[in-house]
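*Asks:* This one is entry27.cif, mmCIF, C-alpha atoms and all ligand atoms.
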data_run
#
loop_
_atom_site.label_atom_id
_atom_site.label_comp_id
_atom_site.auth_asym_id
_atom_site.auth_seq_id
_atom_site.Cartn_x
_atom_site.Cartn_y
_atom_site.Cartn_z
CA MET A 1 82.00 -157.52 121.68
CA VAL A 2 84.67 -154.89 121.16
CA SER A 3 85.07 -152.40 123.96
CA VAL A 4 85.01 -148.70 123.23
CA VAL A 5 88.61 -148.39 124.32
CA GLU A 6 89.62 -151.07 121.82
CA ARG A 7 87.53 -149.25 119.23
CA LEU A 8 89.28 -146.02 120.02
CA ASN A 9 92.66 -147.71 119.71
CA ALA A 10 91.74 -149.32 116.40
CA TRP A 11 90.32 -146.03 115.25
CA ARG A 12 93.54 -144.24 116.14
CA SER A 13 95.84 -146.77 114.54
CA SER A 14 93.68 -146.89 111.39
CA GLY A 15 95.17 -143.59 110.32
CA ARG A 16 91.74 -142.01 110.44
CA PRO A 17 92.10 -138.27 110.89
CA ARG A 18 92.12 -137.38 114.56
CA LYS A 19 89.32 -135.25 115.85
CA ALA A 20 90.10 -131.61 116.34
CA PRO A 21 91.17 -130.70 119.86
CA LEU A 22 88.29 -130.09 122.25
CA SER A 23 86.51 -126.84 121.60
CA ARG A 24 86.37 -124.26 124.37
CA GLU A 25 82.72 -125.20 125.09
CA ARG A 26 83.50 -128.89 125.11
CA GLU A 27 86.55 -128.32 127.31
CA ARG A 28 84.36 -126.39 129.72
CA GLY A 29 81.91 -129.29 129.70
CA VAL A 30 84.69 -131.75 130.46
CA ASN A 31 85.98 -129.56 133.25
CA ALA A 32 82.48 -129.20 134.64
CA ALA A 33 82.16 -132.98 134.53
CA ALA A 34 85.51 -133.37 136.26
CA GLY A 35 84.21 -131.15 139.02
CA ALA A 36 80.83 -132.80 139.01
CA THR A 37 80.89 -133.31 142.74
CA SER A 38 79.65 -129.72 142.79
CA GLY A 39 76.33 -131.10 141.51
CA VAL A 40 76.51 -129.56 138.01
CA LEU A 41 74.18 -131.47 135.69
CA THR A 42 76.33 -132.76 132.87
CA GLY A 43 74.40 -135.76 131.56
CA ALA A 44 73.54 -136.06 127.89
CA ARG A 45 70.01 -136.01 126.52
CA ILE A 46 69.37 -139.02 124.29
CA ASP A 47 66.47 -139.22 121.84
CA ILE A 48 65.74 -142.56 120.21
CA ARG A 49 63.15 -141.91 117.51
CA LYS A 50 61.26 -144.65 115.71
CA VAL A 51 64.29 -146.91 115.62
CA SER A 52 63.98 -150.28 113.89
CA HIS A 53 66.90 -152.57 113.21
CA ARG A 54 67.44 -155.65 111.07
CA PHE A 55 70.38 -157.97 110.63
CA GLY A 56 71.12 -160.08 107.57
CA SER A 57 70.52 -159.76 103.85
CA ALA A 58 67.27 -158.91 102.05
CA ASP A 59 66.25 -162.59 101.68
CA ASP A 60 67.37 -163.65 105.16
CA GLN A 61 66.49 -160.88 107.56
CA LEU A 62 66.23 -160.87 111.30
CA GLN A 63 64.25 -157.95 112.64
CA VAL A 64 65.54 -157.10 116.10
CA LEU A 65 64.11 -153.69 117.02
CA ASP A 66 60.66 -152.49 116.06
CA ASP A 67 59.82 -148.81 116.18
CA VAL A 68 61.53 -148.01 119.47
CA ASP A 69 60.88 -144.50 120.83
CA LEU A 70 62.70 -143.57 124.00
CA ASN A 71 64.15 -140.40 125.52
CA VAL A 72 66.71 -140.17 128.29
CA ALA A 73 66.69 -136.81 130.05
CA PRO A 74 70.02 -135.20 131.03
CA GLY A 75 71.28 -136.98 134.14
CA GLU A 76 68.49 -139.56 134.10
CA PHE A 77 69.09 -143.22 135.03
CA VAL A 78 67.05 -145.53 132.79
CA ALA A 79 67.05 -149.34 132.95
CA LEU A 80 66.01 -151.70 130.17
CA LEU A 81 64.46 -155.09 130.91
CA GLY A 82 63.39 -157.69 128.39
CA PRO A 83 63.64 -161.33 127.35
CA SER A 84 67.00 -162.75 126.35
CA GLY A 85 67.73 -162.16 122.66
CA CYS A 86 65.07 -159.48 122.21
CA GLY A 87 67.51 -156.76 121.12
CA LYS A 88 68.64 -154.83 124.21
CA SER A 89 72.38 -155.02 123.51
CA THR A 90 71.70 -154.15 119.89
CA LEU A 91 69.94 -150.98 121.03
CA LEU A 92 72.86 -150.09 123.33
CA ARG A 93 75.33 -150.57 120.47
CA LEU A 94 73.27 -148.19 118.33
CA VAL A 95 73.19 -145.60 121.12
CA ALA A 96 76.95 -145.98 121.62
CA GLY A 97 77.43 -145.31 117.91
CA LEU A 98 79.00 -148.72 117.27
CA ASP A 99 76.33 -149.50 114.63
CA GLN A 100 73.74 -147.49 112.71
CA PRO A 101 69.99 -148.28 112.91
CA SER A 102 68.26 -149.66 109.79
CA SER A 103 65.72 -146.87 110.21
CA GLY A 104 64.96 -144.10 112.66
CA ASP A 105 67.25 -141.65 114.43
CA ILE A 106 69.28 -141.52 117.60
CA LEU A 107 70.36 -138.10 118.81
CA GLN A 108 72.60 -136.87 121.59
CA ASP A 109 71.67 -133.36 122.65
CA GLY A 110 69.98 -132.92 119.27
CA THR A 111 72.92 -134.16 117.17
CA PRO A 112 72.70 -137.50 115.33
CA ILE A 113 74.94 -140.23 116.75
CA THR A 114 76.99 -141.56 113.84
CA GLU A 115 80.12 -142.99 115.48
CA PRO A 116 81.60 -143.80 118.90
CA ASP A 117 82.54 -140.80 120.98
CA PRO A 118 84.37 -140.51 124.30
CA SER A 119 81.36 -138.70 125.77
CA ARG A 120 79.49 -142.05 125.60
CA ILE A 121 81.21 -144.93 127.31
CA VAL A 122 80.09 -148.54 127.35
CA VAL A 123 80.74 -150.95 130.23
CA PHE A 124 80.12 -154.61 129.44
CA GLN A 125 79.57 -157.67 131.61
CA ASP A 126 83.19 -158.68 131.16
CA PRO A 127 85.71 -156.10 132.37
CA THR A 128 88.11 -156.95 129.46
CA LEU A 129 91.19 -155.53 131.15
CA TYR A 130 94.55 -155.90 129.42
CA PRO A 131 96.35 -158.48 131.62
CA TRP A 132 99.81 -157.08 130.88
CA ARG A 133 98.90 -153.55 131.93
CA ARG A 134 98.74 -152.46 135.54
CA VAL A 135 95.42 -151.18 136.91
CA TRP A 136 96.53 -147.56 136.48
CA ASP A 137 97.52 -148.17 132.85
CA ASN A 138 94.24 -149.93 132.10
CA VAL A 139 92.29 -146.98 133.47
CA ALA A 140 94.49 -144.58 131.49
CA LEU A 141 93.64 -146.23 128.14
CA GLY A 142 90.90 -143.83 127.05
CA LEU A 143 92.97 -140.72 127.74
CA GLN A 144 95.96 -142.34 126.05
CA ALA A 145 93.86 -143.20 122.97
CA ARG A 146 92.79 -139.57 122.79
CA GLY A 147 96.39 -138.37 123.11
CA ILE A 148 95.74 -136.33 126.26
CA LEU A 149 97.22 -138.58 128.96
CA ALA A 150 100.39 -136.57 129.59
CA GLN A 151 98.46 -133.49 130.72
CA GLU A 152 95.53 -135.38 132.31
CA ARG A 153 97.25 -138.01 134.50
CA HIS A 154 95.48 -136.72 137.61
CA ARG A 155 92.17 -137.90 136.12
CA VAL A 156 93.35 -141.51 136.30
CA ASP A 157 94.15 -141.12 140.01
CA GLU A 158 90.78 -139.44 140.57
CA ALA A 159 88.86 -142.19 138.73
CA LEU A 160 90.61 -144.86 140.84
CA ARG A 161 89.73 -142.92 143.98
CA ARG A 162 86.09 -142.76 142.88
CA VAL A 163 85.88 -146.56 142.74
CA GLY A 164 87.96 -147.01 145.92
CA LEU A 165 90.94 -148.66 144.23
CA GLU A 166 93.68 -146.07 144.57
CA THR A 167 95.84 -148.46 146.59
CA PHE A 168 95.68 -151.05 143.78
CA ALA A 169 96.94 -148.73 141.06
CA ARG A 170 100.14 -150.77 140.63
CA ALA A 171 98.43 -154.19 140.70
CA PHE A 172 97.96 -156.37 137.62
CA PRO A 173 94.45 -157.60 136.70
CA HIS A 174 95.20 -161.18 137.83
CA GLN A 175 95.77 -159.84 141.34
CA LEU A 176 92.19 -158.51 141.57
CA SER A 177 88.91 -160.12 142.57
CA GLY A 178 86.05 -160.16 140.03
CA GLY A 179 84.36 -157.22 141.73
CA MET A 180 87.59 -155.22 141.82
CA ALA A 181 88.21 -155.92 138.13
CA GLN A 182 84.72 -154.64 137.31
CA ARG A 183 85.45 -151.57 139.44
CA VAL A 184 88.54 -150.97 137.31
CA ALA A 185 86.34 -151.21 134.21
CA LEU A 186 84.08 -148.58 135.78
CA ALA A 187 87.06 -146.36 136.56
CA ARG A 188 88.23 -146.79 132.95
CA ALA A 189 84.82 -145.48 131.88
CA LEU A 190 84.65 -142.68 134.45
CA VAL A 191 88.10 -141.33 133.59
CA ASN A 192 86.57 -140.04 130.36
CA ASP A 193 83.98 -138.07 132.33
CA PRO A 194 81.22 -139.62 130.22
CA ARG A 195 78.05 -137.69 129.64
CA LEU A 196 76.31 -141.00 129.01
CA LEU A 197 77.26 -144.28 130.65
CA VAL A 198 75.95 -147.28 128.70
CA LEU A 199 75.89 -150.33 130.94
CA ASP A 200 75.27 -153.77 129.41
CA GLU A 201 74.73 -156.15 132.34
CA PRO A 202 77.83 -154.71 134.02
CA LEU A 203 77.29 -156.66 137.24
CA GLY A 204 76.04 -159.85 135.62
CA LYS A 205 79.05 -161.98 136.42
CA LEU A 206 79.53 -160.94 140.03
CA ASP A 207 78.55 -163.01 143.05
CA SER A 208 75.37 -161.80 144.72
CA LEU A 209 77.00 -160.03 147.68
CA THR A 210 79.51 -158.15 145.53
CA ARG A 211 76.71 -157.33 143.17
CA LEU A 212 74.64 -155.70 145.92
CA ALA A 213 77.65 -153.65 147.04
CA MET A 214 78.40 -152.57 143.47
CA GLN A 215 74.79 -151.54 142.92
CA SER A 216 75.11 -149.13 145.83
CA ASP A 217 78.46 -147.94 144.47
CA LEU A 218 76.91 -147.28 141.07
CA VAL A 219 74.16 -145.16 142.62
CA ASP A 220 76.80 -143.27 144.56
CA LEU A 221 78.97 -142.67 141.46
CA TRP A 222 75.97 -141.59 139.42
CA GLN A 223 74.77 -139.20 142.13
CA ARG A 224 78.20 -137.62 142.40
CA SER A 225 78.93 -137.45 138.66
CA ARG A 226 75.45 -136.92 137.23
CA PHE A 227 76.06 -138.61 133.89
CA SER A 228 73.00 -140.03 132.15
CA ALA A 229 72.86 -143.80 132.42
CA LEU A 230 71.29 -146.48 130.24
CA LEU A 231 71.48 -149.86 131.92
CA VAL A 232 70.54 -153.30 130.60
CA THR A 233 70.01 -155.87 133.31
CA HIS A 234 68.12 -159.14 133.71
CA ASP A 235 67.66 -158.45 137.38
CA VAL A 236 64.33 -156.77 138.12
CA GLU A 237 65.39 -155.75 141.66
CA GLU A 238 68.59 -154.23 140.30
CA ALA A 239 66.67 -152.19 137.73
CA LEU A 240 64.27 -150.91 140.40
CA PHE A 241 67.02 -150.22 142.93
CA LEU A 242 69.09 -148.19 140.46
CA ALA A 243 66.86 -146.55 137.89
CA GLN A 244 64.40 -143.68 137.85
CA ARG A 245 62.57 -145.33 134.97
CA VAL A 246 62.40 -148.97 133.89
CA ILE A 247 61.56 -149.73 130.25
CA ILE A 248 60.18 -153.16 129.42
CA PHE A 249 60.64 -154.76 126.03
CA SER A 250 58.71 -157.50 124.24
CA GLN A 251 60.20 -160.63 122.70
CA ARG A 252 62.18 -159.99 119.49
CA PRO A 253 61.66 -157.82 117.60
CA ALA A 254 61.85 -155.66 120.70
CA ARG A 255 59.06 -153.17 121.15
CA ILE A 256 58.51 -151.11 124.30
CA THR A 257 55.55 -152.68 126.08
CA ALA A 258 55.60 -150.77 129.36
CA GLN A 259 57.52 -148.28 131.41
CA ILE A 260 57.61 -147.99 135.16
CA ARG A 261 58.53 -144.76 136.88
CA VAL A 262 60.43 -145.45 140.11
CA ASP A 263 59.60 -142.31 142.00
CA LEU A 264 61.60 -143.08 145.13
CA PRO A 265 64.46 -141.05 146.61
CA TYR A 266 68.06 -142.31 146.78
CA PRO A 267 69.65 -144.08 148.48
CA ARG A 268 66.85 -146.62 148.30
CA HIS A 269 66.10 -149.28 150.82
CA ARG A 270 65.84 -152.77 149.36
CA GLY A 271 63.10 -153.67 151.80
CA ASP A 272 60.92 -150.71 150.79
CA PRO A 273 57.41 -152.13 150.28
CA ARG A 274 56.91 -149.77 147.33
CA LEU A 275 59.78 -151.55 145.55
CA THR A 276 58.05 -154.88 146.17
CA GLY A 277 54.91 -153.52 144.51
CA LEU A 278 56.88 -152.23 141.51
CA ARG A 279 58.67 -155.58 141.26
CA HIS A 280 55.33 -157.31 140.96
CA GLU A 281 54.30 -154.86 138.27
CA ALA A 282 57.54 -155.37 136.29
CA LEU A 283 57.27 -159.17 136.49
CA ARG A 284 53.66 -158.96 135.33
CA HIS A 285 54.71 -156.96 132.26
CA LEU A 286 57.41 -159.57 131.59
CA GLY A 287 54.82 -162.35 131.90
CA LEU A 288 56.66 -163.80 134.91
CA ASP A 289 54.26 -163.08 137.74
CA ALA A 290 52.61 -166.51 137.91
CA SER A 291 54.38 -167.40 141.16
CA TRP A 292 53.65 -164.03 142.79
N1 LIG B 301 75.89 -158.77 114.60
C1 LIG B 301 74.81 -159.53 114.52
N2 LIG B 301 74.48 -160.17 113.38
C2 LIG B 301 73.36 -160.91 113.30
N3 LIG B 301 72.50 -161.07 114.31
C3 LIG B 301 72.77 -160.46 115.46
C4 LIG B 301 73.94 -159.67 115.64
N4 LIG B 301 73.95 -159.18 116.90
C5 LIG B 301 72.85 -159.67 117.49
N5 LIG B 301 72.14 -160.43 116.65
C6 LIG B 301 70.86 -161.08 116.92
O1 LIG B 301 69.97 -160.08 117.34
C7 LIG B 301 69.12 -160.57 118.36
C8 LIG B 301 69.19 -159.67 119.55
O2 LIG B 301 70.48 -159.77 120.11
P1 LIG B 301 70.90 -158.89 121.38
O3 LIG B 301 72.30 -159.24 121.70
O4 LIG B 301 70.58 -157.47 121.09
O5 LIG B 301 69.88 -159.44 122.47
P2 LIG B 301 69.76 -159.09 124.01
O6 LIG B 301 68.38 -158.59 124.25
O7 LIG B 301 70.89 -158.23 124.43
O8 LIG B 301 69.89 -160.54 124.65
P3 LIG B 301 70.55 -160.98 126.06
O9 LIG B 301 69.58 -160.51 127.10
O10 LIG B 301 70.60 -162.46 125.97
O11 LIG B 301 71.89 -160.35 126.16
C9 LIG B 301 69.55 -162.00 118.63
O12 LIG B 301 68.68 -162.88 117.96
C10 LIG B 301 70.94 -162.09 118.03
O13 LIG B 301 71.17 -163.38 117.52
MG MG B 302 72.54 -158.51 125.66
#
Could you render the structure as structure tokens?
*Replies:*
Amino acid sequence: MVSVVERLNAWRSSGRPRKAPLSRERERGVNAAAGATSGVLTGARIDIRKVSHRFGSADDQLQVLDDVDLNVAPGEFVALLGPSGCGKSTLLRLVAGLDQPSSGDILQDGTPITEPDPSRIVVFQDPTLYPWRRVWDNVALGLQARGILAQERHRVDEALRRVGLETFARAFPHQLSGGMAQRVALARALVNDPRLLVLDEPLGKLDSLTRLAMQSDLVDLWQRSRFSALLVTHDVEEALFLAQRVIIFSQRPARITAQIRVDLPYPRHRGDPRLTGLRHEALRHLGLDASW
């Protein structure tokens, strides 16, 4: 899968007309996001309306999404759970603007999503860092692609500070652990001050201890920055630990079969008996509760 940064680079080098400089309103939004520690709500509202999606030609079609309706409120953290191959990553790609749905609409703050935009950043399972670029230069990619790095260098330092890697700014990717590399990928996303963070199994390849630590870090980053977040994970505990709402999908073509509101304050305690109850409920909706 092509990362958004690579997309942005390809987009830039394709000779496609560059977007106009940020409007005053947009600039204010970016600045508000940069100062989001003040608690300003900057997350995007996402409306997914009756979205269906098919791959293939008319005589050989694969229906992947079936009439999906889902809203993400500004600053909300929503997790998606569902069987492998049901269509979760496809839905994230549509929300990111990397593809267009076969039918239905996806809106950000009331405006149709038709192409990738730096306000929506995707983080994948694989950090996909450029091995020849130092950590700092990897994090700087998005700003560089947008042609604003020279005046915004401090944002790279700030993003590295936010993920606790400021002392590794000069390191190369091969000098990092897996967890650190994924932290760099997060910093590369955060440097853009995203209004929506799209997370496709971002912790899936980490060992279990690093994964637990990164889950707490993600909550912390989200609480400080207040972007909206749409997370795909196969880990029921992870979904319940992180999200305010967990959406459960059927087998392909993915339909929403249930949603669970996780009405617990942050930071959450993994041993909270209410989480155990919700876990049971989620597994039941996934048809996996036989051993519980
Ligand atoms: N570009 C594509 N062209 C054709 N079929 C595709 C394409 N991308 C995905 N698919 C198919 O769509 C279905 C859903 O894929 P998707 O990657 O969205 O599943 P997923 O829910 O993310 O699965 P997993 O949990 O294993 O990551 C799969 O059957 C896959 O083969
Ligand atoms: Mg997937």
*Asks:* Identify which of the residues A:Lys50, A:Arg226, A:Arg211, A:Arg261 lies closest to A:Arg195, counting all atoms listed in the file when measuring atom-to-atom distances.
*Replies:* A:Arg226
*Asks:* Determine, counting only C-alpha atoms, which protein, DNA and RNA residues have an atom within 10 Å of an atom of A:Leu196; residues of the same chain fewer than 2 positions away are not included. Present the result as a PyMOL selection string.
*Replies:* chain A and resi 42-46+72+74-77+95-96+108+118-122+193-194+198-199+226-230
*Asks:* Using all atoms listed in the file for the distances, tell me which of A:His269, A:Arg188, A:Lys88, A:Arg162 is nearest to A:Ile256.
*Replies:*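 With all atoms listed in the file as the atom set, the closest residue is A:Lys88.
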*Asks:* Go through the chains and note each residue within 8 Å of ligand MG 302 (chain B), using all atoms listed in the file, then give the set as a PyMOL selection string.
*Replies:* chain A and resi 84-85+87-90+200-201+232
*Asks:* Just how far from atom CA of A:His234 is atom CA of A:Leu212, in Å to one decimal?
*Replies:*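 Computed distance, atom CA of A:Leu212 to atom CA of A:His234, equals 14.3 Å.
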*Asks:* For ligand LIG 301 (chain B), list the contacting residues at 10 Å or closer, counting all atoms listed in the file, as a VMD selection string.
*Replies:* chain A and resid 1 53 to 57 61 to 65 80 to 93 99 125 200 to 201 232 to 234 249 to 254
*Asks:* In terms of the shortest atom-to-atom distance over all atoms listed in the file, which of A:Val51, A:Ala282, A:Trp222, A:Ser102 is closest to A:Arg245?
*Replies:* A:Ala282
*Asks:* Restricting the calculation to all atoms listed in the file: of A:Arg183, A:Arg284, A:Arg270, A:Arg134, which residue gets closest to A:Ala159?
*Replies:*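 Ranking A:Arg183, A:Arg284, A:Arg270, A:Arg134 by distance to A:Ala159, first place goes to A:Arg183.
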*Asks:* State, in Å with one decimal place, the distance from atom CA of A:Asn192 to atom CA of A:Leu240.
*Replies:*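 Answer for the atom CA of A:Asn192 to atom CA of A:Leu240 separation: 26.8 Å.
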*Asks:* At a cut-off of 9 Å around the point (83.7, -141.8, 142.5) (file coordinates), what residues fall inside when counting only C-alpha atoms? I'd like the answer as a list of chain:residue names.
*Replies:*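 Those residues lying close to the given coordinates are A:Thr37, A:Glu158, A:Ala159, A:Leu160, A:Arg161, A:Arg162, A:Val163, A:Gly164, A:Ala187, A:Leu190, A:Asp217, A:Leu218, A:Asp220, A:Leu221, A:Trp222, A:Arg224, A:Ser225.
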*Asks:* Using atom CA of A:Ala169 and atom CA of A:Gln151 as the two end points, give the distance in Å to one decimal.
*Replies:*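 Interatomic distance here is 18.5 Å.
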*Asks:* Determine the nearest neighbour of A:Leu176 from the options A:Gly104, A:Pro265, A:Pro116, A:Pro131, counting all atoms listed in the file.
*Replies:*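 Closest to A:Leu176 of all the choices is A:Pro131.
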*Asks:* Using all atoms listed in the file, can you tell me which of A:Ala79, A:Val135, A:Leu278, A:Gly179 comes closest to A:Ala239?
*Replies:*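 Looking only at the distances to A:Ala239, the closest residue turns out to be A:Ala79.
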*Asks:* Once 5 Å is added on each side, what are the centre and the three edge lengths, in Å to one decimal, of the axis-aligned box enclosing the listed atoms of stretch 125-135 of chain A? Present them as AutoDock Vina command-line options.
*Replies:*
--center_x 89.7 --center_y -154.9 --center_z 133.2 --size_x 30.2 --size_y 17.5 --size_z 17.5
*Asks:* Excluding A:Arg268 and its own-chain neighbours fewer than 4 positions away, which residues fall within 9 Å of it when counting only C-alpha atoms? Please give them as a PyMOL selection string.
*Replies:* chain A and resi 216+241-242+264+272
